[in-house]
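This report concerns only the one structure given below.
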Amino acid sequence: KVDFTKVKEIIEAENKIENLLKKTGRVILRYSGTENVARVTVESRNEGLTNKFCSSLAKVVKKNLGEQRRR
């Protein structure tokens, strides 16, 4: 498993989203403990922004780490 903090594009995307949320939400980026997948979670008060940011970050992770199964 690649350390997310070692991938510049992932960290930049995560930081950008966190800055856009302005403390009204959060970003959780982690590996599953039971499956070989990266988990991307974005929480905020606005469902539309949540979905947009989650999709955007997932695309960056996929681009940099490869194809992962999505649920």
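We label chains A, B, ... in the order they appear in the structure tokens, count residues from 1 in each chain, and number ligands from 1 in the order shown.
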Checklist entry - segment 15-67 of chain A: which residues are alpha helix (DSSP H) by DSSP, as a PyMOL selection string? => result chain A and resi 15-21+47-65
Checklist entry - If you count only C-alpha atoms, which residues fall within 12 Å of Tyr31 of chain A, apart from same-chain ones fewer than 2 positions away, as a PyMOL selection string? => result chain A and resi 1-4+28-29+33-41+61+65+68
List the neighbours of Phe53 of chain A out to 9 Å using only C-alpha atoms; skip same-chain residues closer than 5 positions along the sequence, and give me the result as a PDB file with N, CA, C and O atoms, in the first residue's frame.
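Written out: result_23.pdb:
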ATOM      1  N   ILE A  17      -9.660  20.383  -1.086  1.00  0.00           N
ATOM      2  CA  ILE A  17     -11.034  20.102  -0.655  1.00  0.00           C
ATOM      3  C   ILE A  17     -11.233  20.533   0.791  1.00  0.00           C
ATOM      4  O   ILE A  17     -12.244  21.164   1.122  1.00  0.00           O
ATOM      5  N   VAL A  42     -15.897  11.924   2.185  1.00  0.00           N
ATOM      6  CA  VAL A  42     -16.013  13.364   2.376  1.00  0.00           C
ATOM      7  C   VAL A  42     -17.336  13.601   3.075  1.00  0.00           C
ATOM      8  O   VAL A  42     -18.362  13.063   2.670  1.00  0.00           O
ATOM      9  N   GLY A  48     -24.596  17.968  -2.308  1.00  0.00           N
ATOM     10  CA  GLY A  48     -24.050  18.143  -3.654  1.00  0.00           C
ATOM     11  C   GLY A  48     -22.550  18.334  -3.637  1.00  0.00           C
ATOM     12  O   GLY A  48     -21.823  17.729  -4.435  1.00  0.00           O
ATOM     13  N   ALA A  58     -11.627  10.792  -5.360  1.00  0.00           N
ATOM     14  CA  ALA A  58     -11.539   9.385  -5.767  1.00  0.00           C
ATOM     15  C   ALA A  58     -10.865   9.260  -7.128  1.00  0.00           C
ATOM     16  O   ALA A  58     -10.061   8.348  -7.349  1.00  0.00           O
TER      17      ALA A  58
END
Next on the checklist: At a cut-off of 7 Å, using only C-alpha atoms, what residues contact Arg26 of chain A? Leave out same-chain residues fewer than 4 positions from it and give the result as JSON, numbers by chain.
Outcome noted: {"A": [18, 42, 43, 44]}
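Rounded to one decimal, atom CA of Asn64 of chain A and atom CA of Val27 of chain A lie 17.8 Å from each other.
The spacing separating atom CA of Lys23 of chain A from atom CA of Val60 of chain A amounts to 21.9 Å.
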Item to check | Atom-to-atom span, atom CA of Gly25 of chain A and atom CA of Lys6 of chain A, Å | outcome: 23.8 Å
